[in-house]
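Visitor: What follows is query.pdb, PDB, C-alpha atoms.
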```pdb
ATOM      1  CA  MET A   1     -18.419 -13.734 -32.123  1.00  0.00           C
ATOM      2  CA  LYS A   2     -20.347 -13.941 -35.398  1.00  0.00           C
ATOM      3  CA  LYS A   3     -21.560 -10.659 -36.834  1.00  0.00           C
ATOM      4  CA  ASP A   4     -25.213 -11.595 -36.601  1.00  0.00           C
ATOM      5  CA  GLU A   5     -24.982 -12.654 -32.938  1.00  0.00           C
ATOM      6  CA  LYS A   6     -26.530 -10.187 -30.526  1.00  0.00           C
ATOM      7  CA  ILE A   7     -25.916  -9.754 -26.826  1.00  0.00           C
ATOM      8  CA  ASP A   8     -29.074  -8.964 -24.892  1.00  0.00           C
ATOM      9  CA  THR A   9     -28.517  -5.891 -22.768  1.00  0.00           C
ATOM     10  CA  VAL A  10     -30.896  -3.989 -20.542  1.00  0.00           C
ATOM     11  CA  ASN A  11     -30.497  -0.360 -19.698  1.00  0.00           C
ATOM     12  CA  ILE A  12     -30.977   0.237 -16.009  1.00  0.00           C
ATOM     13  CA  SER A  13     -30.575   3.338 -13.891  1.00  0.00           C
ATOM     14  CA  GLU A  14     -27.973   3.422 -11.119  1.00  0.00           C
ATOM     15  CA  LYS A  15     -30.725   3.461  -8.509  1.00  0.00           C
ATOM     16  CA  GLY A  16     -32.380   0.483 -10.193  1.00  0.00           C
ATOM     17  CA  LEU A  17     -29.078  -1.394 -10.316  1.00  0.00           C
ATOM     18  CA  LEU A  18     -28.407  -0.770  -6.621  1.00  0.00           C
ATOM     19  CA  SER A  19     -31.927  -1.877  -5.660  1.00  0.00           C
ATOM     20  CA  LEU A  20     -31.463  -5.053  -7.702  1.00  0.00           C
ATOM     21  CA  VAL A  21     -28.067  -5.837  -6.130  1.00  0.00           C
ATOM     22  CA  ALA A  22     -29.376  -5.026  -2.636  1.00  0.00           C
ATOM     23  CA  SER A  23     -32.269  -7.443  -3.121  1.00  0.00           C
ATOM     24  CA  LYS A  24     -29.877 -10.166  -4.342  1.00  0.00           C
ATOM     25  CA  LEU A  25     -27.644  -9.693  -1.296  1.00  0.00           C
ATOM     26  CA  LYS A  26     -30.530  -9.625   1.183  1.00  0.00           C
ATOM     27  CA  ASN A  27     -30.378 -12.331   3.890  1.00  0.00           C
ATOM     28  CA  ARG A  28     -26.839 -13.316   2.889  1.00  0.00           C
ATOM     29  CA  VAL A  29     -23.646 -13.015   4.937  1.00  0.00           C
ATOM     30  CA  LEU A  30     -21.352 -11.356   2.428  1.00  0.00           C
ATOM     31  CA  PHE A  31     -18.024 -11.981   4.138  1.00  0.00           C
ATOM     32  CA  PRO A  32     -18.368 -15.341   5.944  1.00  0.00           C
ATOM     33  CA  LYS A  33     -14.615 -15.999   5.951  1.00  0.00           C
ATOM     34  CA  LYS A  34     -13.920 -12.597   7.437  1.00  0.00           C
ATOM     35  CA  VAL A  35     -16.594 -13.016  10.129  1.00  0.00           C
ATOM     36  CA  GLU A  36     -15.116 -16.435  10.948  1.00  0.00           C
ATOM     37  CA  ASN A  37     -11.633 -14.893  11.211  1.00  0.00           C
ATOM     38  CA  ALA A  38     -13.051 -12.117  13.412  1.00  0.00           C
ATOM     39  CA  LYS A  39     -14.617 -14.749  15.716  1.00  0.00           C
ATOM     40  CA  LYS A  40     -11.324 -16.633  15.999  1.00  0.00           C
ATOM     41  CA  TYR A  41      -9.478 -13.379  16.643  1.00  0.00           C
ATOM     42  CA  LEU A  42     -11.928 -12.076  19.247  1.00  0.00           C
ATOM     43  CA  GLN A  43     -11.922 -15.410  21.087  1.00  0.00           C
ATOM     44  CA  LYS A  44      -8.255 -14.768  21.861  1.00  0.00           C
ATOM     45  CA  VAL A  45      -8.976 -11.408  23.458  1.00  0.00           C
ATOM     46  CA  LYS A  46      -7.510 -11.191  26.934  1.00  0.00           C
ATOM     47  CA  THR A  47      -8.184  -7.522  27.667  1.00  0.00           C
ATOM     48  CA  PHE A  48     -10.870  -5.375  26.087  1.00  0.00           C
ATOM     49  CA  ASN A  49     -11.122  -1.833  27.366  1.00  0.00           C
ATOM     50  CA  PHE A  50     -14.786  -1.106  26.582  1.00  0.00           C
TER      51      PHE A  50
ATOM     52  CA  MET B   1     -15.873  14.579   6.472  1.00  0.00           C
ATOM     53  CA  ASN B   2     -18.028  16.355   3.964  1.00  0.00           C
ATOM     54  CA  PRO B   3     -21.055  14.163   3.109  1.00  0.00           C
ATOM     55  CA  ASN B   4     -20.621  15.213  -0.511  1.00  0.00           C
ATOM     56  CA  ASP B   5     -17.282  13.411  -0.550  1.00  0.00           C
ATOM     57  CA  GLY B   6     -18.965  10.012  -0.771  1.00  0.00           C
ATOM     58  CA  TYR B   7     -21.218   8.098  -3.184  1.00  0.00           C
ATOM     59  CA  SER B   8     -24.995   7.620  -2.804  1.00  0.00           C
ATOM     60  CA  LEU B   9     -25.884   4.495  -0.873  1.00  0.00           C
ATOM     61  CA  GLU B  10     -28.669   1.913  -1.010  1.00  0.00           C
ATOM     62  CA  GLU B  11     -29.412   0.564   2.478  1.00  0.00           C
ATOM     63  CA  ASN B  12     -30.614  -2.901   3.440  1.00  0.00           C
ATOM     64  CA  LYS B  13     -31.331  -3.569   7.094  1.00  0.00           C
ATOM     65  CA  SER B  14     -32.210  -6.809   8.877  1.00  0.00           C
ATOM     66  CA  ALA B  15     -32.235  -8.068  12.480  1.00  0.00           C
ATOM     67  CA  ASN B  16     -28.604  -9.172  12.513  1.00  0.00           C
ATOM     68  CA  ASP B  17     -26.890  -7.047   9.946  1.00  0.00           C
ATOM     69  CA  LEU B  18     -26.800  -3.807   8.032  1.00  0.00           C
ATOM     70  CA  LYS B  19     -25.758  -3.666   4.400  1.00  0.00           C
ATOM     71  CA  TYR B  20     -25.079  -0.904   1.906  1.00  0.00           C
ATOM     72  CA  VAL B  21     -24.326  -0.952  -1.798  1.00  0.00           C
ATOM     73  CA  PHE B  22     -23.033   1.844  -3.980  1.00  0.00           C
ATOM     74  CA  VAL B  23     -21.357   2.378  -7.331  1.00  0.00           C
ATOM     75  CA  SER B  24     -17.702   3.389  -7.405  1.00  0.00           C
ATOM     76  CA  LYS B  25     -17.282   5.581 -10.484  1.00  0.00           C
ATOM     77  CA  GLY B  26     -13.584   5.620 -11.198  1.00  0.00           C
ATOM     78  CA  LYS B  27     -11.880   4.278 -14.288  1.00  0.00           C
ATOM     79  CA  LYS B  28     -14.893   1.986 -14.521  1.00  0.00           C
ATOM     80  CA  ASP B  29     -18.150   1.478 -12.620  1.00  0.00           C
ATOM     81  CA  ILE B  30     -17.820  -1.082  -9.819  1.00  0.00           C
ATOM     82  CA  VAL B  31     -20.619  -2.028  -7.444  1.00  0.00           C
ATOM     83  CA  LYS B  32     -19.304  -2.117  -3.868  1.00  0.00           C
ATOM     84  CA  ALA B  33     -20.905  -3.625  -0.785  1.00  0.00           C
ATOM     85  CA  ILE B  34     -20.511  -2.749   2.894  1.00  0.00           C
ATOM     86  CA  GLU B  35     -21.765  -5.041   5.633  1.00  0.00           C
ATOM     87  CA  TYR B  36     -21.920  -4.829   9.427  1.00  0.00           C
ATOM     88  CA  THR B  37     -22.347  -8.365  10.780  1.00  0.00           C
ATOM     89  CA  TYR B  38     -22.798  -9.437  14.382  1.00  0.00           C
ATOM     90  CA  VAL B  39     -19.765 -11.477  15.473  1.00  0.00           C
ATOM     91  CA  GLN B  40     -20.039 -12.063  19.205  1.00  0.00           C
ATOM     92  CA  ASP B  41     -20.195 -10.366  22.572  1.00  0.00           C
ATOM     93  CA  VAL B  42     -16.832  -9.401  23.997  1.00  0.00           C
ATOM     94  CA  ASN B  43     -17.002  -8.475  27.689  1.00  0.00           C
ATOM     95  CA  ASP B  44     -20.686  -7.577  27.277  1.00  0.00           C
ATOM     96  CA  SER B  45     -19.957  -5.432  24.210  1.00  0.00           C
ATOM     97  CA  ILE B  46     -22.028  -6.474  21.195  1.00  0.00           C
ATOM     98  CA  THR B  47     -19.360  -6.594  18.513  1.00  0.00           C
ATOM     99  CA  TYR B  48     -19.919  -6.268  14.771  1.00  0.00           C
ATOM    100  CA  ASN B  49     -17.506  -6.850  11.927  1.00  0.00           C
ATOM    101  CA  LEU B  50     -17.237  -4.132   9.295  1.00  0.00           C
ATOM    102  CA  GLY B  51     -16.690  -5.799   5.917  1.00  0.00           C
ATOM    103  CA  PHE B  52     -16.339  -4.177   2.543  1.00  0.00           C
ATOM    104  CA  GLY B  53     -15.709  -5.504  -0.966  1.00  0.00           C
ATOM    105  CA  ASP B  54     -16.529  -5.555  -4.686  1.00  0.00           C
ATOM    106  CA  TYR B  55     -19.725  -7.122  -5.998  1.00  0.00           C
ATOM    107  CA  ASN B  56     -19.144  -9.304  -9.038  1.00  0.00           C
ATOM    108  CA  THR B  57     -22.198  -9.065 -11.302  1.00  0.00           C
ATOM    109  CA  GLU B  58     -21.167 -12.214 -13.200  1.00  0.00           C
ATOM    110  CA  ASN B  59     -20.960 -14.682 -10.322  1.00  0.00           C
ATOM    111  CA  ASP B  60     -23.096 -12.781  -7.757  1.00  0.00           C
ATOM    112  CA  GLU B  61     -20.268 -12.939  -5.193  1.00  0.00           C
ATOM    113  CA  VAL B  62     -18.667 -10.197  -3.086  1.00  0.00           C
ATOM    114  CA  ASP B  63     -14.870 -10.199  -2.936  1.00  0.00           C
ATOM    115  CA  ASP B  64     -13.135  -8.414  -0.062  1.00  0.00           C
ATOM    116  CA  GLU B  65      -9.650  -9.233  -1.325  1.00  0.00           C
ATOM    117  CA  SER B  66      -9.818  -7.513  -4.698  1.00  0.00           C
ATOM    118  CA  ASN B  67      -7.772  -4.410  -5.307  1.00  0.00           C
ATOM    119  CA  ALA B  68      -9.513  -2.664  -8.184  1.00  0.00           C
ATOM    120  CA  ASN B  69      -7.279   0.457  -8.266  1.00  0.00           C
ATOM    121  CA  ASN B  70     -10.282   2.332  -9.643  1.00  0.00           C
ATOM    122  CA  GLY B  71      -8.748   5.754  -9.011  1.00  0.00           C
ATOM    123  CA  ASP B  72     -11.322   6.882  -6.432  1.00  0.00           C
ATOM    124  CA  MET B  73      -9.945   5.317  -3.241  1.00  0.00           C
ATOM    125  CA  TYR B  74     -10.634   8.325  -1.016  1.00  0.00           C
ATOM    126  CA  LYS B  75     -14.188   8.769  -2.230  1.00  0.00           C
ATOM    127  CA  VAL B  76     -14.844   5.048  -1.693  1.00  0.00           C
ATOM    128  CA  PHE B  77     -13.271   5.203   1.769  1.00  0.00           C
ATOM    129  CA  ASN B  78     -15.341   8.287   2.659  1.00  0.00           C
ATOM    130  CA  THR B  79     -18.456   6.414   1.558  1.00  0.00           C
ATOM    131  CA  VAL B  80     -17.605   3.522   3.896  1.00  0.00           C
ATOM    132  CA  LEU B  81     -16.961   5.972   6.751  1.00  0.00           C
ATOM    133  CA  SER B  82     -20.250   7.766   6.100  1.00  0.00           C
ATOM    134  CA  THR B  83     -22.129   4.595   7.135  1.00  0.00           C
ATOM    135  CA  ILE B  84     -20.560   4.482  10.630  1.00  0.00           C
ATOM    136  CA  PRO B  85     -22.807   7.161  12.232  1.00  0.00           C
ATOM    137  CA  ILE B  86     -25.852   5.395  10.739  1.00  0.00           C
ATOM    138  CA  PHE B  87     -24.649   2.090  12.193  1.00  0.00           C
ATOM    139  CA  PHE B  88     -24.434   3.615  15.678  1.00  0.00           C
ATOM    140  CA  GLU B  89     -27.890   5.162  15.342  1.00  0.00           C
ATOM    141  CA  ASN B  90     -29.227   1.641  14.743  1.00  0.00           C
ATOM    142  CA  ASN B  91     -26.978  -0.159  17.242  1.00  0.00           C
ATOM    143  CA  LYS B  92     -26.602   1.978  20.309  1.00  0.00           C
ATOM    144  CA  GLY B  93     -23.879   0.562  22.540  1.00  0.00           C
ATOM    145  CA  GLY B  94     -22.517  -1.642  19.733  1.00  0.00           C
ATOM    146  CA  VAL B  95     -18.831  -1.936  18.911  1.00  0.00           C
ATOM    147  CA  ILE B  96     -17.428  -1.986  15.381  1.00  0.00           C
ATOM    148  CA  PHE B  97     -14.475  -4.299  14.833  1.00  0.00           C
ATOM    149  CA  VAL B  98     -12.151  -3.730  11.866  1.00  0.00           C
ATOM    150  CA  GLN B  99      -9.391  -6.038  10.736  1.00  0.00           C
ATOM    151  CA  GLY B 100      -8.163  -5.847   7.157  1.00  0.00           C
ATOM    152  CA  SER B 101      -8.517  -8.944   4.977  1.00  0.00           C
ATOM    153  CA  ASP B 102      -4.820  -8.367   4.256  1.00  0.00           C
ATOM    154  CA  GLY B 103      -3.871  -8.643   7.925  1.00  0.00           C
ATOM    155  CA  VAL B 104      -4.912 -12.227   8.661  1.00  0.00           C
ATOM    156  CA  PRO B 105      -2.336 -14.994   9.310  1.00  0.00           C
ATOM    157  CA  GLY B 106      -0.927 -16.404   6.063  1.00  0.00           C
ATOM    158  CA  PHE B 107      -1.755 -13.320   3.962  1.00  0.00           C
ATOM    159  CA  ALA B 108       1.884 -12.390   3.176  1.00  0.00           C
ATOM    160  CA  GLU B 109       2.742 -15.954   2.081  1.00  0.00           C
ATOM    161  CA  LYS B 110      -0.319 -16.059  -0.209  1.00  0.00           C
ATOM    162  CA  CYS B 111       0.378 -12.567  -1.575  1.00  0.00           C
ATOM    163  CA  ARG B 112       3.986 -13.466  -2.440  1.00  0.00           C
ATOM    164  CA  LEU B 113       2.757 -16.184  -4.815  1.00  0.00           C
ATOM    165  CA  ALA B 114       1.263 -13.501  -7.111  1.00  0.00           C
ATOM    166  CA  CYS B 115       3.347 -10.487  -6.066  1.00  0.00           C
ATOM    167  CA  THR B 116       3.042  -7.505  -8.440  1.00  0.00           C
ATOM    168  CA  LYS B 117       4.810  -4.992  -6.188  1.00  0.00           C
ATOM    169  CA  LYS B 118       8.309  -6.449  -6.526  1.00  0.00           C
ATOM    170  CA  CYS B 119       8.629  -6.941  -2.777  1.00  0.00           C
ATOM    171  CA  GLY B 120      11.964  -8.390  -1.769  1.00  0.00           C
ATOM    172  CA  GLY B 121      12.788 -10.965   0.921  1.00  0.00           C
ATOM    173  CA  ASP B 122      10.232 -11.203   3.733  1.00  0.00           C
ATOM    174  CA  GLU B 123       8.640  -7.824   2.943  1.00  0.00           C
ATOM    175  CA  CYS B 124       5.012  -7.642   1.743  1.00  0.00           C
ATOM    176  CA  LYS B 125       3.846  -4.156   0.790  1.00  0.00           C
ATOM    177  CA  ASN B 126       0.193  -5.262   0.791  1.00  0.00           C
ATOM    178  CA  LEU B 127       0.317  -6.666   4.330  1.00  0.00           C
ATOM    179  CA  ASN B 128      -1.993  -4.673   6.671  1.00  0.00           C
ATOM    180  CA  ARG B 129      -2.654  -2.116   3.931  1.00  0.00           C
ATOM    181  CA  ARG B 130      -6.370  -1.840   4.741  1.00  0.00           C
ATOM    182  CA  ILE B 131      -6.068  -1.483   8.503  1.00  0.00           C
ATOM    183  CA  ASN B 132      -3.365   1.114   7.849  1.00  0.00           C
ATOM    184  CA  THR B 133      -5.842   3.107   5.742  1.00  0.00           C
ATOM    185  CA  TYR B 134      -8.235   3.226   8.725  1.00  0.00           C
ATOM    186  CA  ARG B 135      -5.350   4.026  11.101  1.00  0.00           C
ATOM    187  CA  TYR B 136      -4.188   6.843   8.819  1.00  0.00           C
ATOM    188  CA  TYR B 137      -7.667   8.396   8.845  1.00  0.00           C
ATOM    189  CA  ILE B 138      -8.042   8.059  12.633  1.00  0.00           C
ATOM    190  CA  ASN B 139      -4.542   9.425  13.290  1.00  0.00           C
ATOM    191  CA  LYS B 140      -5.178  12.416  11.041  1.00  0.00           C
ATOM    192  CA  ASN B 141      -8.572  13.258  12.606  1.00  0.00           C
ATOM    193  CA  TYR B 142      -8.104  11.841  16.099  1.00  0.00           C
ATOM    194  CA  ASP B 143      -8.870  14.999  18.105  1.00  0.00           C
ATOM    195  CA  GLN B 144     -12.117  15.620  16.239  1.00  0.00           C
ATOM    196  CA  LEU B 145     -13.213  11.957  16.161  1.00  0.00           C
ATOM    197  CA  SER B 146     -12.392  11.229  19.790  1.00  0.00           C
ATOM    198  CA  ALA B 147     -14.961  13.809  20.875  1.00  0.00           C
ATOM    199  CA  ASP B 148     -17.720  11.436  19.702  1.00  0.00           C
ATOM    200  CA  TYR B 149     -16.069   8.024  19.509  1.00  0.00           C
ATOM    201  CA  GLN B 150     -13.939   5.836  21.730  1.00  0.00           C
ATOM    202  CA  PHE B 151     -11.221   3.938  19.858  1.00  0.00           C
ATOM    203  CA  SER B 152      -9.344   0.878  20.958  1.00  0.00           C
ATOM    204  CA  GLY B 153      -6.333  -0.789  19.313  1.00  0.00           C
ATOM    205  CA  GLY B 154      -5.733  -4.548  19.394  1.00  0.00           C
ATOM    206  CA  THR B 155      -2.424  -6.375  19.132  1.00  0.00           C
ATOM    207  CA  MET B 156      -1.468 -10.007  19.347  1.00  0.00           C
ATOM    208  CA  GLY B 157       1.172 -10.805  21.927  1.00  0.00           C
ATOM    209  CA  ASP B 158       3.827 -13.535  21.804  1.00  0.00           C
ATOM    210  CA  ASN B 159       1.495 -15.775  23.801  1.00  0.00           C
ATOM    211  CA  ASN B 160      -1.068 -15.597  20.956  1.00  0.00           C
ATOM    212  CA  GLU B 161      -3.446 -13.542  23.113  1.00  0.00           C
ATOM    213  CA  ILE B 162      -5.042 -10.299  21.956  1.00  0.00           C
ATOM    214  CA  SER B 163      -4.884  -7.219  24.128  1.00  0.00           C
ATOM    215  CA  TYR B 164      -6.877  -4.057  23.516  1.00  0.00           C
ATOM    216  CA  GLU B 165      -5.849  -0.710  24.865  1.00  0.00           C
ATOM    217  CA  ALA B 166      -7.074   2.865  24.496  1.00  0.00           C
ATOM    218  CA  TYR B 167      -6.037   3.854  20.969  1.00  0.00           C
ATOM    219  CA  VAL B 168      -2.707   5.633  20.761  1.00  0.00           C
ATOM    220  CA  PRO B 169      -2.363   7.641  17.524  1.00  0.00           C
ATOM    221  CA  PHE B 170       0.473   6.485  15.231  1.00  0.00           C
ATOM    222  CA  LYS B 171       0.979   3.237  17.121  1.00  0.00           C
ATOM    223  CA  GLY B 172       0.679   0.034  15.056  1.00  0.00           C
ATOM    224  CA  TYR B 173      -2.337  -2.226  15.674  1.00  0.00           C
ATOM    225  CA  ASP B 174      -3.657  -5.478  14.135  1.00  0.00           C
ATOM    226  CA  SER B 175      -7.261  -4.422  14.607  1.00  0.00           C
ATOM    227  CA  ILE B 176      -9.337  -1.451  15.707  1.00  0.00           C
ATOM    228  CA  ALA B 177     -12.535  -1.375  17.747  1.00  0.00           C
ATOM    229  CA  VAL B 178     -14.724   1.711  17.931  1.00  0.00           C
ATOM    230  CA  LYS B 179     -17.709   2.655  20.051  1.00  0.00           C
ATOM    231  CA  LYS B 180     -19.896   5.757  20.185  1.00  0.00           C
ATOM    232  CA  LYS B 181     -19.419   7.712  23.402  1.00  0.00           C
TER     233      LYS B 181
END
```
Output the structure of this file as structure tokens.
Guide:
Amino acid sequence: MKKDEKIDTVNISEKGLLSLVASKLKNRVLFPKKVENAKKYLQKVKTFNF
Amino acid sequence: MNPNDGYSLEENKSANDLKYVFVSKGKKDIVKAIEYTYVQDVNDSITYNLGFGDYNTENDEVDDESNANNGDMYKVFNTVLSTIPIFFENNKGGVIFVQGSDGVPGFAEKCRLACTKKCGGDECKNLNRRINTYRYYINKNYDQLSADYQFSGGTMGDNNEISYEAYVPFKGYDSIAVKKK
């Protein structure tokens, strides 16, 4: 990186960061592969004691 | 568990799922995400998957296979556990299903391709590591936990069918299901 190049950074509090991430993740399924695997697994259940 | 043993959480609730994010402050700061997602009804039990992984700020993705070794495993684990009572407050009668991302078919073969643990032969030290972390916690605190929660352990038989039974401490299971009494 050249000496005169600057990286834009923004200072943000932890609470602000978490709110930002939470809003970005809203309405998304975060682990689709895992949920799909869980579905496949649970479809093979023969006995469930609940 | 002492509530002070975990990190502060940011909650995000919708009709079908419940999410939390927090910052793991170990060797470096890592944003982690926890999600309870509806999977399906099993014998009239509304079953939710408990997922947990690292949020990557660069690509906006959450990875449940990463192993950050951030030096705060117990505090992170306690944070995940601290969300369980809140889940049951919001989903009375619901069942939480846990199966480690390192316990699915094909994991050991994939792990061997980039093995860093010097596993020999057919052994894979990472296989079922996550479910074993949950099992370790349940086994250690079973008497106290079983006063409020009902645990069930699932195993796959030779016929490729899954059977759940009342959880037996120290017995090996592929998955764990838990319900509030």
Visitor: Compile a residue-level contact table for chain B against chain A at a cut-off of 8 Å, reporting for every qualifying residue the shortest atom pair and its distance in Å to one decimal, with only C-alpha atoms counted, rows ordered by chain and ascending number, as JSON lines.
Guide:
```
{"residue": "B:Glu10", "atom": "CA", "partner": "A:Leu18", "partner_atom": "CA", "distance": 6.2}
{"residue": "B:Glu11", "atom": "CA", "partner": "A:Ala22", "partner_atom": "CA", "distance": 7.6}
{"residue": "B:Asn12", "atom": "CA", "partner": "A:Ala22", "partner_atom": "CA", "distance": 6.6}
{"residue": "B:Ser14", "atom": "CA", "partner": "A:Asn27", "partner_atom": "CA", "distance": 7.7}
{"residue": "B:Tyr20", "atom": "CA", "partner": "A:Ala22", "partner_atom": "CA", "distance": 7.5}
{"residue": "B:Val21", "atom": "CA", "partner": "A:Leu18", "partner_atom": "CA", "distance": 6.3}
{"residue": "B:Phe22", "atom": "CA", "partner": "A:Leu18", "partner_atom": "CA", "distance": 6.5}
{"residue": "B:Val23", "atom": "CA", "partner": "A:Glu14", "partner_atom": "CA", "distance": 7.7}
{"residue": "B:Val31", "atom": "CA", "partner": "A:Leu18", "partner_atom": "CA", "distance": 7.9}
{"residue": "B:Glu35", "atom": "CA", "partner": "A:Leu30", "partner_atom": "CA", "distance": 7.1}
{"residue": "B:Thr37", "atom": "CA", "partner": "A:Val35", "partner_atom": "CA", "distance": 7.4}
{"residue": "B:Val39", "atom": "CA", "partner": "A:Lys39", "partner_atom": "CA", "distance": 6.1}
{"residue": "B:Gln40", "atom": "CA", "partner": "A:Lys39", "partner_atom": "CA", "distance": 7.0}
{"residue": "B:Val42", "atom": "CA", "partner": "A:Leu42", "partner_atom": "CA", "distance": 7.3}
{"residue": "B:Asn43", "atom": "CA", "partner": "A:Phe48", "partner_atom": "CA", "distance": 7.1}
{"residue": "B:Ser45", "atom": "CA", "partner": "A:Phe50", "partner_atom": "CA", "distance": 7.1}
{"residue": "B:Asn49", "atom": "CA", "partner": "A:Val35", "partner_atom": "CA", "distance": 6.5}
{"residue": "B:Gly51", "atom": "CA", "partner": "A:Phe31", "partner_atom": "CA", "distance": 6.6}
{"residue": "B:Glu61", "atom": "CA", "partner": "A:Leu30", "partner_atom": "CA", "distance": 7.9}
{"residue": "B:Val62", "atom": "CA", "partner": "A:Leu30", "partner_atom": "CA", "distance": 6.2}
{"residue": "B:Asp63", "atom": "CA", "partner": "A:Phe31", "partner_atom": "CA", "distance": 7.9}
{"residue": "B:Asp64", "atom": "CA", "partner": "A:Phe31", "partner_atom": "CA", "distance": 7.4}
{"residue": "B:Gln99", "atom": "CA", "partner": "A:Ala38", "partner_atom": "CA", "distance": 7.6}
{"residue": "B:Ser101", "atom": "CA", "partner": "A:Lys34", "partner_atom": "CA", "distance": 7.0}
{"residue": "B:Val104", "atom": "CA", "partner": "A:Asn37", "partner_atom": "CA", "distance": 7.7}
{"residue": "B:Ser152", "atom": "CA", "partner": "A:Asn49", "partner_atom": "CA", "distance": 7.2}
{"residue": "B:Asn160", "atom": "CA", "partner": "A:Lys44", "partner_atom": "CA", "distance": 7.3}
{"residue": "B:Glu161", "atom": "CA", "partner": "A:Lys44", "partner_atom": "CA", "distance": 5.1}
{"residue": "B:Ile162", "atom": "CA", "partner": "A:Val45", "partner_atom": "CA", "distance": 4.4}
{"residue": "B:Ser163", "atom": "CA", "partner": "A:Thr47", "partner_atom": "CA", "distance": 4.8}
{"residue": "B:Tyr164", "atom": "CA", "partner": "A:Phe48", "partner_atom": "CA", "distance": 4.9}
{"residue": "B:Glu165", "atom": "CA", "partner": "A:Asn49", "partner_atom": "CA", "distance": 5.9}
{"residue": "B:Ala166", "atom": "CA", "partner": "A:Asn49", "partner_atom": "CA", "distance": 6.8}
```
Visitor: Would you work out the distance separating atom CA of Asp54 of chain B from atom CA of Asn90 of chain B, expressed in Å to one decimal?
Guide: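 The value is 24.3 Å.
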Visitor: How many Å lie between atom CA of Phe88 of chain B and atom CA of Tyr48 of chain B, rounded to one decimal?
Guide: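 Between atom CA of Phe88 of chain B and atom CA of Tyr48 of chain B the gap is 10.9 Å.
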Visitor: So how many Å separate atom CA of Ser24 of chain B and atom CA of Gly53 of chain B, to one decimal?
Guide: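 Atom-to-atom, atom CA of Ser24 of chain B and atom CA of Gly53 of chain B are spaced 11.2 Å apart.
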Visitor: For the provided coordinates, the residues matched by the PyMOL selection byres ((chain B and resi 167) around 10) should be stated as number ranges by chain.
Guide: A: 49; B: 135, 138-139, 142, 146, 150-154, 164-166, 168-173, 176-178
Visitor: Pull out every residue that the PyMOL selection byres ((chain B and resi 84) around 12) matches in the shown coordinates and put them as a compact mmCIF listing (two decimals) with C-alpha atoms, in the frame of the given file.
Guide:
```txt
# COMPACT_ATOMS: atom_id res chain seq x y z
CA MET B 1 -15.87 14.58 6.47
CA LEU B 18 -26.80 -3.81 8.03
CA LYS B 19 -25.76 -3.67 4.40
CA TYR B 20 -25.08 -0.90 1.91
CA ILE B 34 -20.51 -2.75 2.89
CA GLU B 35 -21.76 -5.04 5.63
CA TYR B 36 -21.92 -4.83 9.43
CA TYR B 48 -19.92 -6.27 14.77
CA ASN B 49 -17.51 -6.85 11.93
CA LEU B 50 -17.24 -4.13 9.30
CA GLY B 51 -16.69 -5.80 5.92
CA PHE B 77 -13.27 5.20 1.77
CA ASN B 78 -15.34 8.29 2.66
CA THR B 79 -18.46 6.41 1.56
CA VAL B 80 -17.60 3.52 3.90
CA LEU B 81 -16.96 5.97 6.75
CA SER B 82 -20.25 7.77 6.10
CA THR B 83 -22.13 4.60 7.14
CA PRO B 85 -22.81 7.16 12.23
CA ILE B 86 -25.85 5.40 10.74
CA PHE B 87 -24.65 2.09 12.19
CA PHE B 88 -24.43 3.62 15.68
CA GLU B 89 -27.89 5.16 15.34
CA ASN B 90 -29.23 1.64 14.74
CA ASN B 91 -26.98 -0.16 17.24
CA LYS B 92 -26.60 1.98 20.31
CA GLY B 94 -22.52 -1.64 19.73
CA VAL B 95 -18.83 -1.94 18.91
CA ILE B 96 -17.43 -1.99 15.38
CA PHE B 97 -14.48 -4.30 14.83
CA VAL B 98 -12.15 -3.73 11.87
CA LEU B 145 -13.21 11.96 16.16
CA ASP B 148 -17.72 11.44 19.70
CA TYR B 149 -16.07 8.02 19.51
CA VAL B 178 -14.72 1.71 17.93
CA LYS B 179 -17.71 2.66 20.05
CA LYS B 180 -19.90 5.76 20.18
```
Visitor: Is it possible to get the axis-aligned box enclosing segment 162-173 of chain B (all listed atoms, 5 Å extra per side) as JSON, with centre and edge lengths in Å rounded to one decimal?
Guide:
```
{"center_x": -3.0, "center_y": -1.3, "center_z": 20.0, "size_x": 18.1, "size_y": 27.9, "size_z": 19.8}
```
